$ cat final_30.txt   # compact mmCIF, C-alpha atoms
# COMPACT_ATOMS: atom_id res chain seq x y z
CA MET A 18 81.30 -94.06 230.81
CA VAL A 19 80.93 -97.51 229.36
CA GLN A 20 83.98 -97.68 227.20
CA VAL A 21 83.16 -97.82 223.55
CA LYS A 22 86.59 -97.63 222.06
CA LYS A 23 87.28 -96.90 218.45
CA LEU A 24 90.49 -98.64 217.52
CA LYS A 25 93.00 -97.40 214.97
CA ASP A 26 91.36 -99.24 212.11
CA GLY A 27 87.88 -98.01 213.02
CA SER A 28 86.68 -101.19 214.73
CA ARG A 29 84.71 -100.91 217.92
CA GLN A 30 85.34 -102.37 221.33
CA ILE A 31 82.86 -102.26 224.17
CA ILE A 32 84.18 -102.84 227.66
CA LEU A 33 81.95 -103.19 230.68
CA THR A 34 83.36 -103.16 234.21
CA ALA A 35 82.07 -105.46 236.93
CA LYS A 36 80.50 -102.52 238.74
CA GLN A 37 78.69 -101.27 235.67
CA PHE A 38 77.48 -104.78 234.96
CA ASP A 39 76.07 -105.08 238.49
CA GLU A 40 74.31 -101.76 238.21
CA ILE A 41 72.84 -102.63 234.83
CA THR A 42 71.62 -105.94 236.20
CA LYS A 43 70.02 -104.11 239.12
CA VAL A 44 68.12 -101.77 236.81
CA LEU A 45 66.85 -104.72 234.78
CA SER A 46 65.76 -106.59 237.92
CA GLU A 47 63.74 -103.57 239.00
CA LEU A 48 62.18 -103.28 235.58
CA ALA A 49 61.30 -106.97 235.62
CA ALA A 50 59.65 -106.63 239.02
CA LYS A 51 57.62 -103.54 238.10
CA THR A 52 56.41 -104.69 234.69
CA LYS A 53 56.07 -108.39 235.51
CA ALA A 54 57.98 -108.96 232.30
CA SER A 55 58.79 -112.61 231.76
CA THR A 56 62.18 -111.92 230.18
CA ILE A 57 64.34 -108.83 229.81
CA LEU A 58 67.56 -108.63 227.82
CA MET A 59 70.06 -105.92 227.22
CA ALA A 60 72.26 -106.28 224.17
CA ASP A 61 74.55 -104.18 222.04
CA ILE A 62 73.58 -103.19 218.51
CA SER A 63 75.86 -105.77 216.94
CA GLY A 64 73.75 -108.47 218.60
CA GLN A 65 75.93 -109.40 221.57
CA LEU A 66 73.93 -110.19 224.68
CA ILE A 67 75.04 -108.16 227.69
CA THR A 68 72.76 -109.25 230.48
CA GLN A 69 69.40 -110.86 231.07
CA ARG A 70 66.74 -111.04 233.74
CA GLY A 71 63.59 -113.06 234.37
CA ASN A 72 62.84 -116.44 232.98
CA THR A 73 65.59 -117.19 230.52
CA ASP A 74 65.77 -120.97 230.85
CA ASP A 75 63.37 -121.79 228.02
CA ILE A 76 64.64 -119.12 225.66
CA ASN A 77 67.94 -119.09 223.84
CA THR A 78 68.78 -115.51 224.71
CA ALA A 79 71.95 -115.37 222.56
CA ILE A 80 69.76 -115.99 219.55
CA LEU A 81 67.06 -113.61 220.76
CA SER A 82 69.66 -110.82 221.02
CA ALA A 83 71.01 -111.52 217.55
CA LEU A 84 67.51 -111.48 216.07
CA ALA A 85 66.48 -108.37 217.98
CA ALA A 86 69.61 -106.50 216.86
CA SER A 87 68.82 -107.36 213.25
CA ASP A 88 65.23 -106.35 213.81
CA PHE A 89 66.44 -102.95 214.96
CA ALA A 90 68.93 -102.61 212.15
CA ALA A 91 66.35 -103.59 209.55
CA THR A 92 63.85 -101.02 210.78
CA ALA A 93 66.60 -98.40 210.90
CA GLU A 94 67.06 -98.98 207.16
CA MET A 95 63.28 -98.73 206.78
CA ALA A 96 63.33 -95.40 208.60
CA LYS A 97 65.94 -94.15 206.16
CA LEU A 98 63.89 -95.29 203.17
CA ILE A 99 60.80 -93.43 204.27
CA GLY A 100 62.76 -90.28 204.98
CA GLU A 101 63.19 -90.39 208.76
CA ASP A 102 66.30 -88.61 209.97
CA ALA A 103 66.94 -90.90 212.92
CA LYS A 104 66.42 -94.57 213.71
CA PHE A 105 63.11 -95.71 215.12
CA LYS A 106 63.41 -95.54 218.89
CA LEU A 107 61.22 -98.48 219.72
CA LEU A 108 59.62 -101.53 218.19
CA PHE A 109 56.63 -103.45 219.38
CA HIS A 110 55.62 -106.97 218.40
CA GLU A 111 52.19 -108.14 219.41
CA GLY A 112 51.60 -111.84 219.93
CA GLU A 113 48.72 -113.98 221.13
CA LYS A 114 50.32 -114.89 224.44
CA ARG A 115 53.25 -112.57 224.67
CA ASN A 116 54.35 -109.22 223.39
CA VAL A 117 57.86 -107.98 222.78
CA TYR A 118 58.90 -104.39 223.34
CA LEU A 119 62.28 -103.25 222.05
CA SER A 120 63.80 -99.90 222.82
CA ASN A 121 67.09 -98.14 222.13
CA VAL A 122 69.38 -97.36 225.04
CA GLY A 123 71.68 -94.65 223.70
CA ASP A 124 73.38 -95.32 220.39
CA ASN A 125 75.01 -98.61 221.18
CA PHE A 126 72.55 -100.70 223.16
CA PHE A 127 68.94 -101.78 223.31
CA LEU A 128 66.48 -103.48 225.66
CA VAL A 129 64.19 -106.38 224.85
CA VAL A 130 61.20 -106.75 227.16
CA VAL A 131 59.06 -109.86 226.77
CA PHE A 132 55.76 -109.69 228.63
CA ASP A 133 52.41 -111.37 228.94
CA VAL A 134 49.51 -109.91 226.93
CA SER A 135 47.66 -109.30 230.18
CA VAL A 136 50.16 -106.58 231.10
CA THR A 137 49.27 -103.23 229.56
CA LEU A 138 51.68 -101.74 227.06
CA GLY A 139 51.46 -98.34 228.73
CA LEU A 140 52.88 -99.72 231.95
CA VAL A 141 55.77 -101.36 230.13
CA ARG A 142 56.44 -98.15 228.24
CA ILE A 143 56.59 -95.97 231.33
CA TYR A 144 58.86 -98.25 233.34
CA THR A 145 61.08 -99.04 230.38
CA LYS A 146 61.56 -95.34 229.76
CA LYS A 147 62.59 -94.89 233.37
CA ALA A 148 64.94 -97.88 233.21
CA ILE A 149 66.58 -96.44 230.12
CA GLN A 150 67.28 -93.18 231.93
CA ASN A 151 68.86 -95.13 234.77
CA LEU A 152 70.92 -97.21 232.37
CA LEU A 153 72.17 -94.11 230.60
CA SER A 154 73.36 -92.67 233.90
CA VAL A 155 75.17 -95.93 234.66
CA PHE A 156 76.86 -95.62 231.28
CA ASP A 157 77.92 -92.10 232.13
CA SER A 158 79.73 -93.11 235.29
CA THR A 159 83.41 -92.40 234.87
CA GLU A 160 84.87 -95.69 235.99
CA LYS A 161 87.29 -97.11 233.48
CA GLY A 162 87.77 -100.79 232.79
CA ASP A 163 90.94 -102.61 231.97
CA ASP A 164 91.39 -102.87 228.28
CA ALA A 165 91.50 -105.88 226.04
CA GLY A 166 95.28 -106.05 226.26
CA LYS A 167 94.95 -107.44 229.76
CA ILE A 168 93.13 -110.47 228.41
CA LEU A 169 94.33 -111.04 224.91
CA ASP A 170 98.03 -111.45 225.49
CA GLN A 171 100.43 -113.79 223.71
CA ASP A 172 99.78 -116.50 226.25
CA PHE A 173 96.07 -116.29 225.62
CA SER A 174 96.51 -116.69 221.85
CA SER A 175 98.53 -119.85 222.12
CA MET A 176 96.17 -121.36 224.69
CA LEU A 177 93.21 -120.44 222.53
CA GLY A 178 94.90 -122.15 219.60
CA ASP A 179 95.27 -125.34 221.64
CA MET A 180 91.65 -125.17 222.78
CA LEU A 181 90.44 -124.75 219.22
CA ASP A 182 92.52 -127.73 218.09
CA GLU A 183 91.01 -129.76 220.88
CA SER A 184 87.43 -128.67 220.12
CA PHE A 185 87.71 -129.00 216.35
CA LYS A 186 89.04 -132.53 216.31
CA MET B 21 84.16 -107.04 220.36
CA PHE B 22 82.42 -106.93 223.67
CA ILE B 23 84.20 -107.56 226.96
CA ASN B 24 82.25 -108.16 230.14
CA TRP B 25 84.61 -108.01 233.10
CA ALA B 26 81.95 -109.19 235.55
CA LEU B 27 81.41 -112.47 233.72
CA GLN B 28 84.96 -112.52 232.32
CA GLU B 29 83.52 -112.96 228.86
CA ILE B 30 84.93 -111.89 225.53
CA ASN B 31 82.48 -111.86 222.65
CA LEU B 32 83.65 -111.78 219.08
CA LYS B 33 81.55 -111.50 215.95
CA ILE B 34 82.63 -113.35 212.84
CA VAL B 35 80.74 -113.00 209.58
CA TYR B 36 80.79 -115.44 206.65
CA TYR B 37 80.47 -113.37 203.50
CA GLY B 38 80.34 -114.43 199.86
CA PRO B 39 78.23 -114.72 196.71
CA GLY B 40 74.94 -116.62 196.65
CA MET B 41 75.24 -120.41 196.89
CA SER B 42 78.96 -120.36 197.70
CA GLY B 43 78.48 -122.44 200.85
CA LYS B 44 78.38 -119.99 203.76
CA THR B 45 75.47 -121.72 205.48
CA THR B 46 77.07 -125.10 204.73
CA ASN B 47 80.15 -124.02 206.70
CA LEU B 48 78.02 -123.22 209.74
CA GLU B 49 76.00 -126.40 209.36
CA TYR B 50 79.16 -128.48 209.32
CA ILE B 51 80.59 -126.73 212.39
CA HIS B 52 77.29 -127.17 214.17
CA SER B 53 77.11 -130.88 213.34
CA LYS B 54 80.68 -131.63 214.42
CA LEU B 55 81.20 -129.55 217.54
CA ASP B 56 80.40 -131.00 220.90
CA GLN B 57 76.88 -129.99 221.92
CA SER B 58 78.15 -128.38 225.10
CA LEU B 59 80.19 -125.93 223.04
CA THR B 60 77.68 -124.85 220.46
CA GLY B 61 74.24 -123.29 220.65
CA GLU B 62 71.37 -123.80 218.29
CA LEU B 63 71.92 -122.88 214.65
CA VAL B 64 69.30 -120.38 213.58
CA THR B 65 68.70 -119.97 209.89
CA LEU B 66 66.36 -117.45 208.37
CA LYS B 67 65.61 -119.05 205.03
CA THR B 68 63.21 -118.61 202.16
CA LYS B 69 61.02 -121.49 201.04
CA GLU B 70 63.71 -122.31 198.50
CA ASP B 71 66.29 -122.79 201.25
CA ARG B 72 68.13 -119.58 200.49
CA THR B 73 69.28 -117.44 203.39
CA ILE B 74 67.01 -114.40 203.53
CA PHE B 75 68.54 -112.47 206.41
CA PHE B 76 71.27 -114.42 208.17
CA ASP B 77 72.27 -117.62 209.95
CA PHE B 78 73.52 -117.39 213.49
CA MET B 79 75.31 -119.68 215.88
CA GLN B 80 77.31 -119.12 219.03
CA ILE B 81 80.28 -121.30 219.93
CA GLU B 82 82.41 -121.50 223.04
CA VAL B 83 85.66 -123.27 223.74
CA GLY B 84 85.69 -123.27 227.52
CA ARG B 85 87.72 -121.02 229.80
CA ILE B 86 91.20 -119.76 229.07
CA LYS B 87 93.04 -118.19 232.01
CA GLY B 88 89.66 -117.73 233.63
CA LYS B 89 88.24 -115.89 230.62
CA LYS B 90 85.44 -117.22 228.52
CA PRO B 91 85.72 -116.46 224.81
CA LYS B 92 82.47 -116.70 222.85
CA PHE B 93 82.31 -116.57 219.10
CA ASN B 94 79.18 -115.41 217.37
CA LEU B 95 79.13 -116.72 213.82
CA TYR B 96 76.87 -115.13 211.21
CA THR B 97 76.34 -115.62 207.50
CA VAL B 98 74.95 -113.01 205.13
CA PRO B 99 72.53 -113.67 202.26
CA GLY B 100 74.57 -113.83 199.07
CA GLN B 101 72.11 -112.58 196.48
CA VAL B 102 72.80 -109.14 195.11
CA TYR B 103 69.39 -107.75 196.07
CA TYR B 104 69.93 -108.38 199.78
CA ALA B 105 72.58 -105.67 199.91
CA SER B 106 71.09 -103.87 202.89
CA SER B 107 70.81 -107.09 204.91
CA ARG B 108 74.51 -107.69 204.39
CA LYS B 109 75.34 -104.24 205.63
CA ILE B 110 73.24 -104.77 208.74
CA ILE B 111 74.91 -108.06 209.64
CA LEU B 112 78.36 -106.47 209.38
CA ASN B 113 77.51 -104.12 212.22
CA GLY B 114 80.12 -104.62 214.96
CA VAL B 115 81.98 -107.32 213.03
CA ASP B 116 85.42 -108.40 214.29
CA GLY B 117 86.47 -110.67 211.43
CA VAL B 118 85.26 -111.90 208.05
CA VAL B 119 85.49 -115.23 206.24
CA PHE B 120 85.02 -114.68 202.53
CA VAL B 121 83.60 -117.89 201.06
CA ALA B 122 84.38 -117.88 197.34
CA ASP B 123 82.86 -120.29 194.85
CA SER B 124 85.73 -121.96 192.98
CA GLN B 125 83.70 -122.69 189.86
CA LYS B 126 84.95 -120.89 186.75
CA ASP B 127 81.59 -119.31 185.91
CA ARG B 128 81.27 -117.87 189.42
CA MET B 129 84.38 -115.70 189.28
CA GLU B 130 82.43 -112.59 188.43
CA GLY B 131 80.07 -113.21 191.35
CA ASN B 132 83.05 -113.61 193.68
CA ILE B 133 84.62 -110.35 192.56
CA GLU B 134 81.34 -108.46 192.73
CA THR B 135 80.68 -109.67 196.27
CA LEU B 136 84.22 -108.91 197.39
CA LEU B 137 83.82 -105.35 196.15
CA ASP B 138 80.47 -105.17 197.95
CA LEU B 139 82.23 -106.31 201.13
CA GLU B 140 84.91 -103.70 200.71
CA ASN B 141 82.34 -100.97 200.14
CA ASN B 142 80.38 -101.97 203.21
CA LEU B 143 83.49 -102.14 205.36
CA MET B 144 84.55 -98.73 204.11
CA THR B 145 81.26 -97.13 205.14
CA MET B 146 82.01 -98.44 208.64
CA GLY B 147 85.53 -97.01 208.56
CA TYR B 148 87.38 -100.29 207.95
CA SER B 149 89.48 -101.39 205.02
CA LEU B 150 90.15 -104.85 203.61
CA GLU B 151 93.83 -104.01 203.73
CA THR B 152 93.97 -103.89 207.51
CA PHE B 153 90.81 -105.67 208.66
CA PRO B 154 91.15 -109.33 209.75
CA TRP B 155 89.72 -111.57 207.05
CA VAL B 156 90.49 -114.88 205.34
CA ILE B 157 89.41 -116.45 202.05
CA GLN B 158 87.96 -119.90 201.68
CA TYR B 159 87.95 -121.30 198.14
CA ASN B 160 85.01 -123.64 198.39
CA LYS B 161 83.69 -126.42 196.17
CA ARG B 162 87.18 -127.66 195.20
CA ASP B 163 85.68 -131.08 194.43
CA LEU B 164 83.63 -129.84 191.47
CA PRO B 165 84.90 -130.50 187.93
CA ASN B 166 84.87 -126.97 186.49
CA THR B 167 86.87 -125.17 189.15
CA GLU B 168 89.35 -122.40 188.54
CA SER B 169 92.97 -123.08 189.48
CA LEU B 170 94.15 -121.92 192.88
CA ASP B 171 96.69 -119.71 191.18
CA ILE B 172 94.07 -117.75 189.25
CA LEU B 173 91.74 -117.51 192.25
CA GLN B 174 94.58 -116.13 194.32
CA LYS B 175 95.51 -113.58 191.67
CA LYS B 176 91.97 -112.36 191.17
CA LEU B 177 90.66 -112.37 194.72
CA ASN B 178 93.47 -112.39 197.25
CA PHE B 179 95.07 -109.05 196.48
CA PHE B 180 95.99 -108.41 200.12
CA ASN B 181 97.51 -111.85 200.55
CA VAL B 182 95.32 -112.87 203.50
CA PRO B 183 95.28 -116.51 204.72
CA HIS B 184 93.44 -118.75 202.26
CA PHE B 185 92.01 -122.24 202.40
CA GLU B 186 90.80 -124.75 199.86
CA ALA B 187 87.58 -126.33 201.01
CA VAL B 188 84.78 -128.76 200.32
CA ALA B 189 82.46 -127.40 202.98
CA ILE B 190 79.78 -130.01 202.46
CA LYS B 191 82.29 -132.70 203.46
CA GLY B 192 83.93 -130.49 206.06
CA THR B 193 87.27 -130.20 204.28
CA GLY B 194 88.93 -126.93 205.24
CA VAL B 195 86.01 -125.74 207.39
CA PHE B 196 87.70 -125.84 210.79
CA ASP B 197 91.04 -124.63 209.39
CA THR B 198 89.24 -121.57 208.07
CA LEU B 199 87.46 -120.89 211.35
CA LYS B 200 90.61 -121.34 213.39
CA SER B 201 92.50 -119.00 211.14
CA ILE B 202 89.96 -116.18 211.39
CA ILE B 203 89.71 -116.53 215.17
CA ASN B 204 93.50 -116.30 215.44
CA GLY B 205 93.49 -113.41 213.00
CA VAL B 206 90.97 -111.48 215.09
CA VAL B 207 92.84 -112.08 218.36
CA GLN B 208 96.17 -111.06 216.81
CA HIS B 209 94.55 -108.02 215.30
CA VAL B 210 93.26 -106.91 218.69
CA GLN B 211 96.74 -107.38 220.18
CA ALA B 212 98.30 -105.35 217.40
CA GLN B 213 95.87 -102.49 218.01
CA LEU B 214 96.90 -102.04 221.62

$ encode --input "final_30.txt" --output "structure tokens"
Amino acid sequence: MVQVKKLKDGSRQIILTAKQFDEITKVLSELAAKTKASTILMADISGQLITQRGNTDDINTAILSALAASDFAATAEMAKLIGEDAKFKLLFHEGEKRNVYLSNVGDNFFLVVVFDVSVTLGLVRIYTKKAIQNLLSVFDSTEKGDDAGKILDQDFSSMLGDMLDESFK
Amino acid sequence: MFINWALQEINLKIVYYGPGMSGKTTNLEYIHSKLDQSLTGELVTLKTKEDRTIFFDFMQIEVGRIKGKKPKFNLYTVPGQVYYASSRKIILNGVDGVVFVADSQKDRMEGNIETLLDLENNLMTMGYSLETFPWVIQYNKRDLPNTESLDILQKKLNFFNVPHFEAVAIKGTGVFDTLKSIINGVVQHVQAQL
């Protein structure tokens, strides 16, 4: 299981192991190949980019994830307003050159698929659905990652402090 | 917080919260203008025609590697106006730390209090509490003539005695001190939870 830890105060921590990351990347590569999508991102619902595939040089994918997460969150509120019980599962934005297809992956993640208008939506839908199933089974694998304590020790804090001083001169 | 062991990345989300026109976007603009380009991404602002934030501003900053790990900080602002309540709630999703940007002007006290209560309500629906959650206060616009004294601001807004900073965000005064403090606060908070 991808660790989504609830800490004592209610805050959330998502930890991805190297193996899970590799498997997720593999699923996205396959999806990119099958749909000829130009860019594919996976992000968590708070807007943090997890991994990306395809042509990502010309696109600021950190920003794209943040915007897509807000897009999802905004439509979830819309769903509530019109009396839907659950969030909308997918969003589709139609452009002149490119379309964007966004779909939930479980409760904590989503996929962003950017593809050329010449690719049919149906194809993207089918393969994305399949990819989501594969991703969910990766998430279910039982491997456990090291927790944040391994990184964020006392040493780390003081070094981070120095780095910030250096950067914020 | 999101940790990616494959890329050795730690992602933290920090949200600048506060009443309308208190200077949240100005904080981000200053950070963006002063940080080395290699450390900061583009600053995205979703604004109305009148230059008011309609959804949020976003910027990612990095500080290089520490013990092989790469911390990344995702900075967001929320729209201050009362009627964007649901946008504010959305932006708080997955937040690790909050900077409350208060407007020091005397006639803005009510707006500060109202927005702080709104923050507390939103945090509570997510299972957090201002008492234990990492947050700091920035008293902005200290250069204006009709500002409230620090003493009164502290009494009325800082009831949990969190770190506070006097600032003139447009000139950069206090901006980096505030950011550094919240980053430290978040990291310490994570340590304390373990």

$ interface_residues --input "final_30.txt" --of "chain B" --to "chain A" --cutoff "9 Å" --atoms "all atoms listed in the file" --output "PyMOL selection string"
chain B and resi 21-28+30-33+51+54-56+59+61-64+75+78-80+83-84+86-87+89+91+94+106-107+110-116+146-149+152-153+196-197+200+203-204+207-208+210-211+213-214

$ closest_residue --input "final_30.txt" --among "B:Leu136, B:Leu164, B:Val118, B:Met144" --to "Pro183 in chain B" --atoms "only C-alpha atoms"
B:Val118

$ residues_near_point --input "final_30.txt" --point "(73.8, -100.0, 219.9)" --cutoff "8 Å" --atoms "all atoms listed in the file" --output "PDB file with C-alpha atoms, in the frame of the given file"
ATOM      1  CA  ALA A  60      72.260-106.280 224.170  1.00  0.00           C
ATOM      2  CA  ASP A  61      74.550-104.180 222.040  1.00  0.00           C
ATOM      3  CA  ILE A  62      73.580-103.190 218.510  1.00  0.00           C
ATOM      4  CA  SER A  63      75.860-105.770 216.940  1.00  0.00           C
ATOM      5  CA  ASN A 121      67.090 -98.140 222.130  1.00  0.00           C
ATOM      6  CA  VAL A 122      69.380 -97.360 225.040  1.00  0.00           C
ATOM      7  CA  GLY A 123      71.680 -94.650 223.700  1.00  0.00           C
ATOM      8  CA  ASP A 124      73.380 -95.320 220.390  1.00  0.00           C
ATOM      9  CA  ASN A 125      75.010 -98.610 221.180  1.00  0.00           C
ATOM     10  CA  PHE A 126      72.550-100.700 223.160  1.00  0.00           C
ATOM     11  CA  PHE A 127      68.940-101.780 223.310  1.00  0.00           C
TER      12      PHE A 127
END

$ residues_around --input "final_30.txt" --residues "range 137-140 of chain B" --least-positions-apart "6" --cutoff "9 Å" --atoms "all atoms listed in the file" --output "PDB file with C-alpha atoms, in the coordinates of the input"
ATOM      1  CA  TYR B  37      80.470-113.370 203.500  1.00  0.00           C
ATOM      2  CA  GLY B  38      80.340-114.430 199.860  1.00  0.00           C
ATOM      3  CA  ALA B 105      72.580-105.670 199.910  1.00  0.00           C
ATOM      4  CA  ARG B 108      74.510-107.690 204.390  1.00  0.00           C
ATOM      5  CA  LYS B 109      75.340-104.240 205.630  1.00  0.00           C
ATOM      6  CA  PHE B 120      85.020-114.680 202.530  1.00  0.00           C
ATOM      7  CA  TYR B 148      87.380-100.290 207.950  1.00  0.00           C
ATOM      8  CA  SER B 149      89.480-101.390 205.020  1.00  0.00           C
ATOM      9  CA  LEU B 150      90.150-104.850 203.610  1.00  0.00           C
TER      10      LEU B 150
END

$ atom_distance --input "final_30.txt" --atom1 "CA of Lys146 in chain A" --atom2 "CA of Thr78 in chain A"
22.0 Å

$ atom_distance --input "final_30.txt" --atom1 "CA of Lys67 in chain B" --atom2 "CA of Glu113 in chain A"
23.9 Å

$ atom_distance --input "final_30.txt" --atom1 "CA of Gln69 in chain A" --atom2 "CA of Glu49 in chain B"
27.5 Å

$ closest_residue --input "final_30.txt" --among "A:Met95, A:Tyr118, A:Ala103, A:Gly71" --to "Leu140 in chain A" --atoms "all atoms listed in the file"
A:Tyr118

$ build_atoms --input "final_30.txt" --residues "range 48-61 of chain A" --atoms "N, CA, C and O atoms" --output "short mmCIF file (atom, residue, chain, number, x, y, z; two decimals), in the frame of the given file"
data_model
loop_
_atom_site.label_atom_id
_atom_site.label_comp_id
_atom_site.auth_asym_id
_atom_site.auth_seq_id
_atom_site.Cartn_x
_atom_site.Cartn_y
_atom_site.Cartn_z
N LEU A 48 63.12 -103.37 236.70
CA LEU A 48 62.18 -103.28 235.58
C LEU A 48 61.34 -104.55 235.49
O LEU A 48 60.12 -104.51 235.29
N ALA A 49 62.00 -105.69 235.68
CA ALA A 49 61.30 -106.97 235.62
C ALA A 49 60.23 -107.05 236.71
O ALA A 49 59.09 -107.49 236.48
N ALA A 50 60.59 -106.57 237.90
CA ALA A 50 59.65 -106.63 239.02
C ALA A 50 58.45 -105.71 238.77
O ALA A 50 57.30 -106.09 239.02
N LYS A 51 58.70 -104.51 238.28
CA LYS A 51 57.62 -103.54 238.10
C LYS A 51 56.70 -103.88 236.95
O LYS A 51 55.50 -103.60 236.99
N THR A 52 57.24 -104.44 235.87
CA THR A 52 56.41 -104.69 234.69
C THR A 52 55.90 -106.13 234.65
O THR A 52 55.11 -106.47 233.79
N LYS A 53 56.36 -106.95 235.55
CA LYS A 53 56.07 -108.39 235.51
C LYS A 53 56.48 -109.00 234.17
O LYS A 53 55.86 -109.95 233.69
N ALA A 54 57.49 -108.42 233.57
CA ALA A 54 57.98 -108.96 232.30
C ALA A 54 58.52 -110.36 232.52
O ALA A 54 59.11 -110.63 233.56
N SER A 55 58.29 -111.26 231.57
CA SER A 55 58.79 -112.61 231.76
C SER A 55 60.29 -112.68 231.48
O SER A 55 61.00 -113.43 232.13
N THR A 56 60.76 -111.91 230.50
CA THR A 56 62.18 -111.92 230.18
C THR A 56 62.62 -110.51 229.78
O THR A 56 61.89 -109.84 229.06
N ILE A 57 63.79 -110.11 230.25
CA ILE A 57 64.34 -108.83 229.81
C ILE A 57 65.81 -109.04 229.42
O ILE A 57 66.56 -109.68 230.15
N LEU A 58 66.17 -108.52 228.26
CA LEU A 58 67.56 -108.63 227.82
C LEU A 58 68.10 -107.24 227.54
O LEU A 58 67.36 -106.37 227.11
N MET A 59 69.40 -107.09 227.77
CA MET A 59 70.06 -105.92 227.22
C MET A 59 71.17 -106.43 226.31
O MET A 59 71.88 -107.37 226.65
N ALA A 60 71.26 -105.83 225.13
CA ALA A 60 72.26 -106.28 224.17
C ALA A 60 72.87 -105.08 223.48
O ALA A 60 72.34 -103.97 223.58
N ASP A 61 73.98 -105.29 222.80
CA ASP A 61 74.55 -104.18 222.04
C ASP A 61 74.10 -104.31 220.58
O ASP A 61 73.63 -105.36 220.16
#
